[in-house]
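Student: Just my_file_25.cif, nothing more (mmCIF, C-alpha atoms and all ligand atoms):
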```cif
data_target
loop_
_atom_site.label_atom_id
_atom_site.label_comp_id
_atom_site.auth_asym_id
_atom_site.auth_seq_id
_atom_site.Cartn_x
_atom_site.Cartn_y
_atom_site.Cartn_z
CA MET A 1 0.00 0.00 0.00
CA ASN A 2 2.98 2.31 0.48
CA LEU A 3 4.04 4.62 -2.29
CA ASP A 4 7.57 4.84 -3.59
CA PRO A 5 9.23 8.20 -2.97
CA HIS A 6 10.06 8.48 -6.69
CA TYR A 7 8.35 7.36 -9.90
CA ASP A 8 9.49 7.71 -13.49
CA ILE A 9 6.02 9.03 -14.36
CA VAL A 10 3.20 10.43 -12.23
CA ILE A 11 -0.22 10.77 -13.89
CA VAL A 12 -2.74 13.07 -12.23
CA GLY A 13 -6.35 12.01 -12.88
CA ALA A 14 -7.70 8.48 -13.39
CA GLY A 15 -10.37 9.32 -15.96
CA PRO A 16 -10.33 7.84 -19.48
CA CYS A 17 -7.25 9.87 -20.38
CA GLY A 18 -5.11 9.24 -17.29
CA SER A 19 -5.88 5.53 -17.01
CA THR A 20 -5.12 5.02 -20.70
CA ALA A 21 -1.86 6.97 -20.28
CA ALA A 22 -0.97 4.70 -17.34
CA ARG A 23 -1.85 1.54 -19.28
CA TYR A 24 0.50 2.62 -22.11
CA SER A 25 3.42 3.75 -19.94
CA ALA A 26 3.50 1.25 -17.08
CA GLU A 27 4.96 -1.65 -19.07
CA ASP A 28 8.04 0.44 -19.78
CA ALA A 29 8.44 2.67 -16.68
CA SER A 30 7.46 3.01 -13.03
CA VAL A 31 4.12 4.82 -12.95
CA LEU A 32 1.86 6.26 -10.27
CA LEU A 33 -1.77 7.10 -11.19
CA ILE A 34 -3.50 9.42 -8.70
CA ASP A 35 -7.11 10.52 -8.38
CA LYS A 36 -8.84 12.64 -5.79
CA LYS A 37 -12.02 10.56 -6.09
CA LYS A 38 -12.55 7.99 -3.34
CA THR A 39 -14.24 5.72 -5.87
CA ILE A 40 -12.95 5.84 -9.43
CA GLY A 41 -15.63 7.23 -11.76
CA VAL A 42 -17.84 8.57 -8.93
CA PRO A 43 -19.46 11.06 -9.12
CA VAL A 44 -20.18 10.55 -12.80
CA GLN A 45 -19.73 13.68 -14.95
CA CYS A 46 -20.78 12.32 -18.33
CA ALA A 47 -23.72 11.07 -20.40
CA GLY A 48 -21.64 8.09 -21.55
CA PHE A 49 -22.20 8.29 -25.32
CA LEU A 50 -19.34 6.54 -27.14
CA PRO A 51 -19.44 5.56 -30.84
CA LYS A 52 -18.36 1.98 -31.49
CA TYR A 53 -14.86 1.05 -32.66
CA ASP A 54 -15.56 1.25 -36.42
CA GLU A 55 -17.13 4.69 -35.99
CA LEU A 56 -14.12 5.80 -33.91
CA GLU A 57 -11.78 4.74 -36.72
CA GLU A 58 -13.72 7.06 -39.04
CA LEU A 59 -13.87 9.84 -36.45
CA MET A 60 -10.08 9.78 -35.91
CA PRO A 61 -8.65 8.24 -39.13
CA ASP A 62 -5.05 9.30 -38.38
CA ALA A 63 -5.04 7.98 -34.82
CA GLU A 64 -3.77 4.68 -33.50
CA LEU A 65 -6.69 3.70 -31.31
CA PRO A 66 -5.83 2.45 -27.83
CA ASP A 67 -6.87 -1.11 -27.00
CA THR A 68 -8.76 0.32 -24.00
CA PHE A 69 -11.58 0.94 -26.51
CA ARG A 70 -12.11 -2.84 -26.33
CA TYR A 71 -14.06 -2.88 -23.07
CA PRO A 72 -16.38 -5.53 -21.65
CA LYS A 73 -20.16 -5.45 -22.14
CA SER A 74 -20.54 -4.92 -18.39
CA CYS A 75 -19.48 -1.27 -18.96
CA VAL A 76 -22.41 -0.68 -21.33
CA TYR A 77 -25.96 0.37 -20.34
CA THR A 78 -27.35 0.02 -23.83
CA GLU A 79 -26.55 0.32 -27.55
CA THR A 80 -27.97 2.95 -29.91
CA LYS A 81 -28.21 2.98 -33.68
CA CYS A 82 -28.82 6.59 -34.64
CA GLN A 83 -28.33 10.22 -33.70
CA ARG A 84 -31.39 12.46 -34.12
CA PHE A 85 -31.24 16.25 -34.39
CA ILE A 86 -34.34 18.23 -33.45
CA ALA A 87 -34.50 21.81 -34.74
CA PRO A 88 -36.11 24.67 -32.74
CA THR A 89 -39.28 24.17 -34.86
CA GLY A 90 -39.48 20.49 -33.85
CA ASP A 91 -38.43 19.23 -37.32
CA SER A 92 -36.01 16.34 -37.01
CA LYS A 93 -33.29 14.71 -39.03
CA GLU A 94 -31.20 11.66 -38.20
CA PHE A 95 -28.23 9.60 -39.32
CA ASP A 96 -26.89 6.18 -38.38
CA VAL A 97 -24.26 5.92 -35.65
CA ASP A 98 -23.54 2.63 -33.92
CA ALA A 99 -22.75 3.56 -30.35
CA ASP A 100 -22.60 2.34 -26.79
CA VAL A 101 -23.99 4.23 -23.85
CA LEU A 102 -21.44 3.63 -21.14
CA ASP A 103 -21.87 3.25 -17.43
CA ARG A 104 -18.98 5.61 -16.70
CA ARG A 105 -18.51 4.24 -13.16
CA ARG A 106 -17.79 0.76 -14.50
CA PHE A 107 -15.94 2.03 -17.55
CA ASP A 108 -13.55 4.26 -15.58
CA GLN A 109 -12.98 1.45 -13.08
CA TYR A 110 -12.25 -0.98 -15.92
CA LEU A 111 -9.70 1.45 -17.39
CA ALA A 112 -8.02 1.87 -13.98
CA GLU A 113 -7.83 -1.94 -13.69
CA ARG A 114 -6.12 -2.07 -17.09
CA ALA A 115 -3.57 0.47 -15.83
CA VAL A 116 -2.87 -1.59 -12.70
CA SER A 117 -2.61 -4.81 -14.76
CA ALA A 118 0.03 -3.10 -16.87
CA GLY A 119 2.03 -2.41 -13.69
CA ALA A 120 0.92 1.07 -12.54
CA ASP A 121 0.53 1.98 -8.88
CA LEU A 122 -2.90 3.51 -8.18
CA ARG A 123 -3.70 5.92 -5.37
CA ILE A 124 -7.33 7.01 -5.00
CA GLY A 125 -8.79 9.53 -2.52
CA THR A 126 -5.67 11.62 -3.00
CA ARG A 127 -5.46 15.13 -4.37
CA VAL A 128 -2.39 16.70 -5.94
CA THR A 129 -2.14 20.03 -4.14
CA ALA A 130 1.07 21.51 -5.54
CA ILE A 131 3.77 20.80 -8.11
CA ASP A 132 7.20 22.35 -8.25
CA GLY A 133 9.48 20.93 -10.94
CA LYS A 134 9.82 17.22 -10.21
CA SER A 135 8.28 17.52 -6.74
CA ILE A 136 4.58 16.74 -6.21
CA GLU A 137 2.62 17.39 -3.00
CA ILE A 138 -0.24 14.97 -2.42
CA ALA A 139 -2.82 14.85 0.37
CA GLY A 140 -5.85 12.72 1.12
CA MET A 141 -7.21 9.67 2.88
CA TRP A 142 -3.78 7.99 3.04
CA GLY A 143 -2.00 11.07 4.46
CA SER A 144 0.16 13.82 3.02
CA HIS A 145 3.39 13.14 1.14
CA THR A 146 5.88 14.63 -1.24
CA ILE A 147 6.91 12.44 -4.13
CA THR A 148 9.05 13.09 -7.16
CA ALA A 149 8.66 12.18 -10.83
CA ASP A 150 10.77 12.61 -13.94
CA VAL A 151 7.66 13.21 -16.08
CA ILE A 152 4.23 14.44 -14.95
CA ILE A 153 1.08 13.97 -17.04
CA GLY A 154 -1.87 16.23 -16.24
CA ALA A 155 -5.01 14.26 -17.10
CA ASP A 156 -6.88 16.15 -14.43
CA GLY A 157 -9.74 17.70 -16.36
CA PRO A 158 -10.55 21.28 -17.37
CA SER A 159 -9.46 22.90 -14.08
CA SER A 160 -6.06 21.22 -14.33
CA ILE A 161 -3.72 21.97 -11.44
CA VAL A 162 -0.91 20.47 -13.51
CA ALA A 163 -1.45 23.00 -16.33
CA LYS A 164 -1.54 25.88 -13.83
CA ALA A 165 1.61 24.74 -12.01
CA ALA A 166 3.48 24.45 -15.32
CA ASN A 167 2.21 27.86 -16.52
CA LEU A 168 0.54 26.23 -19.50
CA PRO A 169 -2.48 28.14 -20.87
CA GLY A 170 -5.72 26.91 -19.24
CA VAL A 171 -8.80 25.78 -21.17
CA GLU A 172 -11.01 27.84 -18.81
CA ASP A 173 -9.63 31.20 -19.90
CA ASP A 174 -12.04 31.86 -22.85
CA PRO A 175 -15.71 32.30 -21.60
CA MET A 176 -17.15 31.14 -24.96
CA GLY A 177 -14.72 28.22 -24.92
CA VAL A 178 -16.32 26.58 -21.89
CA ALA A 179 -19.77 25.01 -21.79
CA HIS A 180 -21.42 24.20 -18.49
CA ALA A 181 -23.15 20.85 -18.56
CA ILE A 182 -25.97 19.82 -16.26
CA ALA A 183 -27.83 16.55 -16.54
CA TYR A 184 -30.19 14.24 -14.68
CA ASP A 185 -30.34 10.47 -14.78
CA MET A 186 -34.07 9.90 -15.01
CA THR A 187 -36.36 6.93 -14.79
CA GLY A 188 -39.99 6.61 -15.87
CA VAL A 189 -39.38 8.41 -19.17
CA GLU A 190 -40.86 7.32 -22.51
CA ILE A 191 -37.97 7.56 -24.90
CA ASP A 192 -36.72 5.94 -28.11
CA ASN A 193 -34.06 3.52 -26.86
CA GLY A 194 -32.44 3.24 -30.27
CA ALA A 195 -31.58 6.93 -30.65
CA ILE A 196 -29.53 9.68 -29.09
CA GLU A 197 -31.51 12.92 -29.39
CA MET A 198 -29.98 16.39 -29.64
CA HIS A 199 -32.39 19.33 -29.29
CA PHE A 200 -31.57 22.90 -30.31
CA GLY A 201 -33.31 26.22 -29.57
CA ARG A 202 -32.13 29.38 -27.84
CA ASN A 203 -35.04 29.60 -25.36
CA PHE A 204 -34.31 26.13 -24.04
CA VAL A 205 -30.55 25.69 -24.57
CA PRO A 206 -28.67 28.95 -25.25
CA GLY A 207 -25.43 28.32 -27.10
CA GLY A 208 -25.57 24.57 -26.95
CA TYR A 209 -27.90 21.61 -27.16
CA ALA A 210 -29.96 19.37 -24.92
CA TRP A 211 -29.56 15.62 -25.11
CA ILE A 212 -31.57 12.55 -24.31
CA VAL A 213 -29.26 9.54 -24.02
CA PRO A 214 -31.11 6.27 -23.35
CA HIS A 215 -29.95 3.96 -20.59
CA GLY A 216 -32.34 1.17 -21.61
CA GLY A 217 -35.94 0.54 -20.52
CA THR A 218 -37.53 3.72 -19.21
CA SER A 219 -34.27 5.29 -18.02
CA ALA A 220 -32.16 7.99 -19.68
CA ASN A 221 -29.60 10.67 -19.10
CA VAL A 222 -31.20 14.01 -19.90
CA GLY A 223 -28.99 17.05 -19.94
CA MET A 224 -27.62 20.07 -21.71
CA GLY A 225 -24.44 21.98 -22.38
CA ILE A 226 -24.94 25.74 -22.25
CA ARG A 227 -22.68 28.78 -22.64
CA LYS A 228 -23.11 31.21 -19.72
CA ALA A 229 -22.40 34.23 -21.94
CA MET A 230 -25.51 33.36 -24.02
CA CYS A 231 -27.94 32.82 -21.08
CA GLU A 232 -30.78 35.19 -20.09
CA PRO A 233 -29.87 37.17 -16.96
CA GLY A 234 -31.17 35.53 -13.77
CA VAL A 235 -31.95 32.16 -15.38
CA THR A 236 -29.84 29.36 -13.92
CA PHE A 237 -28.60 26.24 -15.76
CA ARG A 238 -31.04 24.21 -13.64
CA ASP A 239 -33.90 26.51 -14.67
CA TYR A 240 -33.07 25.79 -18.33
CA LEU A 241 -32.98 22.03 -17.73
CA HIS A 242 -36.34 22.11 -15.93
CA ARG A 243 -37.81 24.27 -18.69
CA PHE A 244 -36.63 21.70 -21.25
CA ILE A 245 -38.04 18.74 -19.32
CA GLU A 246 -41.36 20.38 -18.47
CA GLU A 247 -42.10 22.75 -21.34
CA HIS A 248 -40.25 21.74 -24.51
CA PRO A 249 -42.93 20.99 -27.11
CA VAL A 250 -41.32 17.70 -28.23
CA ALA A 251 -39.14 16.56 -25.32
CA SER A 252 -41.54 17.27 -22.46
CA GLU A 253 -44.02 14.74 -23.91
CA LYS A 254 -41.41 12.05 -23.22
CA LEU A 255 -39.85 13.37 -20.04
CA ARG A 256 -42.50 15.14 -18.00
CA GLY A 257 -43.58 12.02 -16.07
CA GLY A 258 -40.01 10.98 -15.17
CA ARG A 259 -38.23 11.01 -11.82
CA VAL A 260 -34.64 12.10 -11.20
CA THR A 261 -32.29 9.44 -9.79
CA SER A 262 -29.01 11.34 -10.06
CA VAL A 263 -27.76 14.89 -10.68
CA ILE A 264 -24.68 15.39 -12.86
CA ALA A 265 -22.76 18.57 -13.59
CA GLY A 266 -19.42 19.53 -15.06
CA MET A 267 -17.48 21.75 -17.37
CA VAL A 268 -16.93 20.98 -21.06
CA PRO A 269 -13.96 22.67 -22.76
CA VAL A 270 -15.18 23.56 -26.26
CA GLY A 271 -12.52 26.16 -27.08
CA GLY A 272 -9.96 23.74 -28.48
CA ALA A 273 -6.45 22.96 -27.35
CA PRO A 274 -4.08 25.68 -26.12
CA ALA A 275 -1.11 26.53 -28.32
CA LYS A 276 1.21 24.66 -25.95
CA THR A 277 0.39 21.41 -24.14
CA CYS A 278 3.80 20.44 -22.80
CA THR A 279 6.76 22.15 -21.19
CA GLY A 280 9.73 21.09 -19.08
CA ASN A 281 8.80 17.68 -17.62
CA VAL A 282 5.00 18.20 -17.96
CA MET A 283 2.37 17.19 -20.53
CA ILE A 284 -1.36 17.85 -20.33
CA ALA A 285 -3.93 15.66 -22.06
CA GLY A 286 -7.66 15.01 -22.36
CA ASP A 287 -10.04 17.68 -21.05
CA ALA A 288 -7.05 19.39 -19.38
CA ALA A 289 -5.74 20.15 -22.88
CA GLY A 290 -9.08 20.81 -24.61
CA HIS A 291 -8.91 17.45 -26.40
CA LEU A 292 -12.60 17.35 -27.24
CA ILE A 293 -14.85 17.60 -30.30
CA ALA A 294 -16.40 21.03 -29.78
CA THR A 295 -19.44 20.48 -32.02
CA ASN A 296 -20.90 17.85 -29.69
CA GLY A 297 -18.89 18.06 -26.46
CA GLY A 298 -17.73 14.46 -26.84
CA GLY A 299 -14.37 14.05 -25.16
CA ILE A 300 -14.00 10.36 -24.30
CA PRO A 301 -12.50 9.28 -27.69
CA THR A 302 -10.00 12.12 -28.00
CA ALA A 303 -9.06 11.93 -24.28
CA MET A 304 -8.19 8.26 -24.66
CA VAL A 305 -6.17 8.73 -27.84
CA ALA A 306 -4.31 11.66 -26.25
CA GLY A 307 -3.79 9.57 -23.10
CA LYS A 308 -2.19 6.79 -25.13
CA ILE A 309 0.11 9.27 -26.87
CA ALA A 310 1.03 10.99 -23.59
CA GLY A 311 1.73 7.63 -21.90
CA GLU A 312 3.85 6.31 -24.75
CA THR A 313 5.76 9.58 -25.07
CA ALA A 314 6.41 9.72 -21.31
CA ALA A 315 7.82 6.18 -21.41
CA ASP A 316 9.98 7.16 -24.40
CA VAL A 317 11.26 10.21 -22.48
CA VAL A 318 12.29 8.30 -19.35
CA ASN A 319 13.98 5.65 -21.51
CA GLY A 320 15.93 8.31 -23.39
CA ARG A 321 14.18 7.79 -26.72
CA CYS A 322 12.79 11.32 -27.18
CA ALA A 323 12.18 14.66 -25.46
CA VAL A 324 8.88 15.77 -23.88
CA ASP A 325 8.08 18.15 -26.74
CA ALA A 326 7.62 15.16 -29.10
CA TYR A 327 4.20 14.88 -27.42
CA GLU A 328 2.96 18.11 -29.04
CA SER A 329 3.56 17.01 -32.63
CA ARG A 330 2.41 13.43 -31.99
CA TRP A 331 -1.08 14.28 -30.70
CA ARG A 332 -1.54 17.11 -33.22
CA SER A 333 -0.81 14.76 -36.12
CA GLU A 334 -3.25 12.12 -34.85
CA ILE A 335 -6.26 14.17 -33.65
CA GLY A 336 -5.30 17.84 -34.04
CA MET A 337 -7.23 18.44 -37.26
CA GLN A 338 -10.56 17.12 -35.94
CA ILE A 339 -10.30 19.20 -32.75
CA LYS A 340 -9.34 22.37 -34.63
CA THR A 341 -12.06 21.95 -37.28
CA SER A 342 -14.71 21.27 -34.64
CA VAL A 343 -13.83 24.54 -32.89
CA TYR A 344 -14.02 26.43 -36.20
CA VAL A 345 -17.48 24.92 -36.89
CA ARG A 346 -18.60 25.62 -33.32
CA LYS A 347 -17.68 29.28 -33.76
CA LEU A 348 -19.65 29.47 -37.02
CA MET A 349 -22.62 27.80 -35.32
CA ASP A 350 -22.46 30.18 -32.32
CA GLY A 351 -23.68 32.95 -34.64
CA MET A 352 -26.54 30.81 -36.01
CA MET A 353 -27.59 29.74 -32.51
CA ARG A 354 -28.52 33.33 -31.64
CA SER A 355 -31.50 32.99 -34.00
CA ASP A 356 -33.88 30.01 -34.00
CA SER A 357 -34.97 30.70 -37.58
CA MET A 358 -31.36 30.76 -38.78
CA MET A 359 -30.55 27.58 -36.83
CA THR A 360 -33.59 25.84 -38.30
CA ALA A 361 -32.63 26.96 -41.81
CA VAL A 362 -29.11 25.55 -41.38
CA MET A 363 -30.43 22.28 -40.02
CA ASN A 364 -32.84 21.96 -42.95
CA MET A 365 -30.17 22.71 -45.54
CA VAL A 366 -27.40 20.42 -44.26
CA SER A 367 -27.89 16.78 -45.30
CA PRO A 368 -27.81 13.97 -42.70
CA ALA A 369 -24.45 12.77 -44.10
CA HIS A 370 -22.97 16.24 -43.75
CA THR A 371 -24.45 16.65 -40.27
CA LYS A 372 -22.66 13.44 -39.31
CA ALA A 373 -19.43 14.81 -40.77
CA LEU A 374 -19.80 18.00 -38.68
CA GLN A 375 -20.27 15.83 -35.60
CA ARG A 376 -16.96 14.17 -36.41
CA GLY A 377 -15.03 17.43 -36.54
CA GLN A 378 -15.03 17.52 -40.36
CA LEU A 379 -16.20 20.41 -42.52
CA PRO A 380 -17.27 19.42 -46.05
CA ASP A 381 -16.64 22.25 -48.58
CA ALA A 382 -20.34 22.64 -49.43
CA VAL A 383 -21.25 23.11 -45.76
CA LYS A 384 -18.37 25.53 -45.24
CA ARG A 385 -19.62 27.74 -48.08
CA LEU A 386 -23.19 27.55 -46.74
CA LEU A 387 -22.23 28.47 -43.16
CA GLN A 388 -19.90 31.27 -44.24
CA GLY A 389 -22.62 32.69 -46.52
CA MET A 390 -25.20 32.64 -43.73
CA GLN A 391 -22.73 34.20 -41.34
CA ARG A 392 -22.16 37.10 -43.78
CA ARG A 393 -25.94 37.60 -44.05
CA MET A 394 -26.24 37.82 -40.26
CA ARG A 395 -23.68 40.65 -40.00
C1 LIG B 401 -22.37 16.37 -18.07
C2 LIG B 401 -21.35 15.91 -19.08
C3 LIG B 401 -21.73 14.98 -20.05
C4 LIG B 401 -20.78 14.50 -20.97
N1 LIG B 401 -21.17 13.55 -21.85
C5 LIG B 401 -20.26 13.02 -22.72
C6 LIG B 401 -20.63 11.97 -23.60
O1 LIG B 401 -21.77 11.50 -23.61
N2 LIG B 401 -19.66 11.47 -24.44
C7 LIG B 401 -18.38 11.96 -24.44
O2 LIG B 401 -17.55 11.49 -25.25
N3 LIG B 401 -18.01 12.94 -23.61
C8 LIG B 401 -18.91 13.47 -22.73
N4 LIG B 401 -18.52 14.44 -21.85
C9 LIG B 401 -17.11 14.83 -21.82
C10 LIG B 401 -16.28 13.73 -21.14
O3 LIG B 401 -16.85 13.40 -19.90
C11 LIG B 401 -14.83 14.20 -20.94
O4 LIG B 401 -14.36 14.76 -22.15
C12 LIG B 401 -13.93 13.03 -20.52
O5 LIG B 401 -14.31 12.50 -19.28
C13 LIG B 401 -12.49 13.53 -20.45
O6 LIG B 401 -11.67 12.57 -19.85
P1 LIG B 401 -10.39 13.01 -18.98
O7 LIG B 401 -9.79 11.75 -18.50
O8 LIG B 401 -9.59 13.98 -19.76
O9 LIG B 401 -10.98 13.85 -17.76
P2 LIG B 401 -11.94 13.40 -16.58
O10 LIG B 401 -12.81 12.28 -16.97
O11 LIG B 401 -12.58 14.67 -16.10
O12 LIG B 401 -10.95 12.88 -15.45
C14 LIG B 401 -10.15 13.77 -14.73
C15 LIG B 401 -9.84 13.12 -13.39
O13 LIG B 401 -8.88 13.93 -12.72
C16 LIG B 401 -9.17 13.92 -11.34
N5 LIG B 401 -8.55 15.10 -10.73
C17 LIG B 401 -8.80 16.40 -11.03
N6 LIG B 401 -7.99 17.21 -10.29
C18 LIG B 401 -7.23 16.40 -9.51
C19 LIG B 401 -6.21 16.65 -8.54
N7 LIG B 401 -5.82 17.88 -8.21
N8 LIG B 401 -5.67 15.58 -7.90
C20 LIG B 401 -6.07 14.31 -8.21
N9 LIG B 401 -7.02 14.03 -9.13
C21 LIG B 401 -7.59 15.06 -9.79
C22 LIG B 401 -10.70 13.93 -11.30
O14 LIG B 401 -11.19 13.42 -10.05
C23 LIG B 401 -11.06 13.05 -12.48
O15 LIG B 401 -11.27 11.70 -12.11
C24 LIG B 401 -19.44 14.97 -20.93
C25 LIG B 401 -19.08 15.91 -19.97
C26 LIG B 401 -20.01 16.38 -19.05
C27 LIG B 401 -19.57 17.37 -18.01
#
```
Would you give me this structure, written as structure tokens?

Tutor:
Amino acid sequence: MNLDPHYDIVIVGAGPCGSTAARYSAEDASVLLIDKKKTIGVPVQCAGFLPKYDELEELMPDAELPDTFRYPKSCVYTETKCQRFIAPTGDSKEFDVDADVLDRRRFDQYLAERAVSAGADLRIGTRVTAIDGKSIEIAGMWGSHTITADVIIGADGPSSIVAKAANLPGVEDDPMGVAHAIAYDMTGVEIDNGAIEMHFGRNFVPGGYAWIVPHGGTSANVGMGIRKAMCEPGVTFRDYLHRFIEEHPVASEKLRGGRVTSVIAGMVPVGGAPAKTCTGNVMIAGDAAGHLIATNGGGIPTAMVAGKIAGETAADVVNGRCAVDAYESRWRSEIGMQIKTSVYVRKLMDGMMRSDSMMTAVMNMVSPAHTKALQRGQLPDAVKRLLQGMQRRMR
């Protein structure tokens, strides 16, 4: 149970990114994986939507997918076949996506087990409180200690202490680059279990979208990601969620009779990655580095790919095979384009989202195949011309 005073690599955060980083570094280096949570994956801060392996290959065609995407069925609540978009008018459009809806508690615990099986030390209930060069202060249910590491990976989410300590730009700095997500697990709802629904409309979800993610039977995760800067004064995120559940002309028919079994909230970095994600002996990855598809707020796939790259690079560094800054070019070549394009599209859509009629027009004009491409952080030329034209008309 005791920790070593020194590790080759310390990874802060045992979410999908950190545990994948640990799984890919621990066979080649001594690794400590730390999380402040007393139970890995709890509280949940996610709806759990994850496209299946074949879809992930198309989402990130230049990436080498980590084998942690091969998880057991016990991590899955249910499977869905399509993604449905509902415009402010109620018109809908859908495209096929084979996906799992994950039980993030089980999934995160499975990933941590993979890290330990690969040889990593795991310390839960322990917060990293300060970092100075190679020295790391930790405190929690097993006491307070100082340990040292040759390489530190910050996989500690959008409020990353690792990024702050290393003076790397934070993902929280741009107010339009952060969405606040609030969601309820609900039971007693009458939903389509084969589809993920995404609802748009500025009165219900300013600057974002509301989702209904089935959990099987009459249960679902119902939530929304909203930008504070686009909210009406005095209306809280919770007010918006209740308005959606109780008053939305389409969604309330399915949700009004439901009961809440769990409340979920968190921050979603939709501003893209900072210009620099590594320095000295530090790398940041996953949500900490804005590794997320900004058009839908999905961060599990990119966090895991970035975690693999960070873990492999860290092991290469401690074994003298490369320098820390190799990390920057490696992740940018594998997933950089999708993240960057998704932020560009999100910025174009921000303008449209200020007007329900404009948003509806865009949703009517973009084909299901192109909508799917936008969800994958791609921007087909025809859609680019359309969005830029509409943006000019709005000025
Ligand atoms: C409400 C909501 C719904 C979402 N739904 C989806 C979805 O359906 N599909 C999808 O792909 N993405 C979704 N996302 C985004 C997704 O959850 C994240 O992108 C993903 O979890 C990022 O993984 P990560 O490992 O980088 O960070 P995290 O999963 O946030 O893990 C970071 C870990 O670091 C730990 N930590 C933080 N600070 C410290 C510290 N100082 N010391 C020790 N430990 C620390 C935390 O306890 C945490 O376990 C959602 C996000 C929210 C908020």

Student: One decimal, in Å: what's the spacing between CA of Ser92 (chain A) and CA of Arg238 (chain A)?

Tutor: 25.2 Å

Student: Which neighbours of region 51-61 of chain A fall inside 7 Å, counting only C-alpha atoms, when residues of the same chain fewer than 3 positions from it are skipped, and could you give them as an MDAnalysis selection string?

Tutor: chainID A and resid 69 97:100 335 376

Student: Hey, which of A:Ile182, A:Ala289, A:Ile196, A:Val76 ends up closest to Val263 (chain A)? Count only C-alpha atoms.

Tutor: A:Ile182

Student: Would you pick out the contacts of Val42 (chain A) at 7 Å or less, using all atoms listed in the file, so that residues sharing its chain but fewer than 3 positions from it are not included, and give the list as JSON, numbers by chain?

Tutor: {"A": [37, 39, 105]}

Student: To one decimal place, how far is CA of Cys46 (chain A) from atom C27 of ligand LIG 401 (chain B) in Å?

Tutor: 5.2 Å
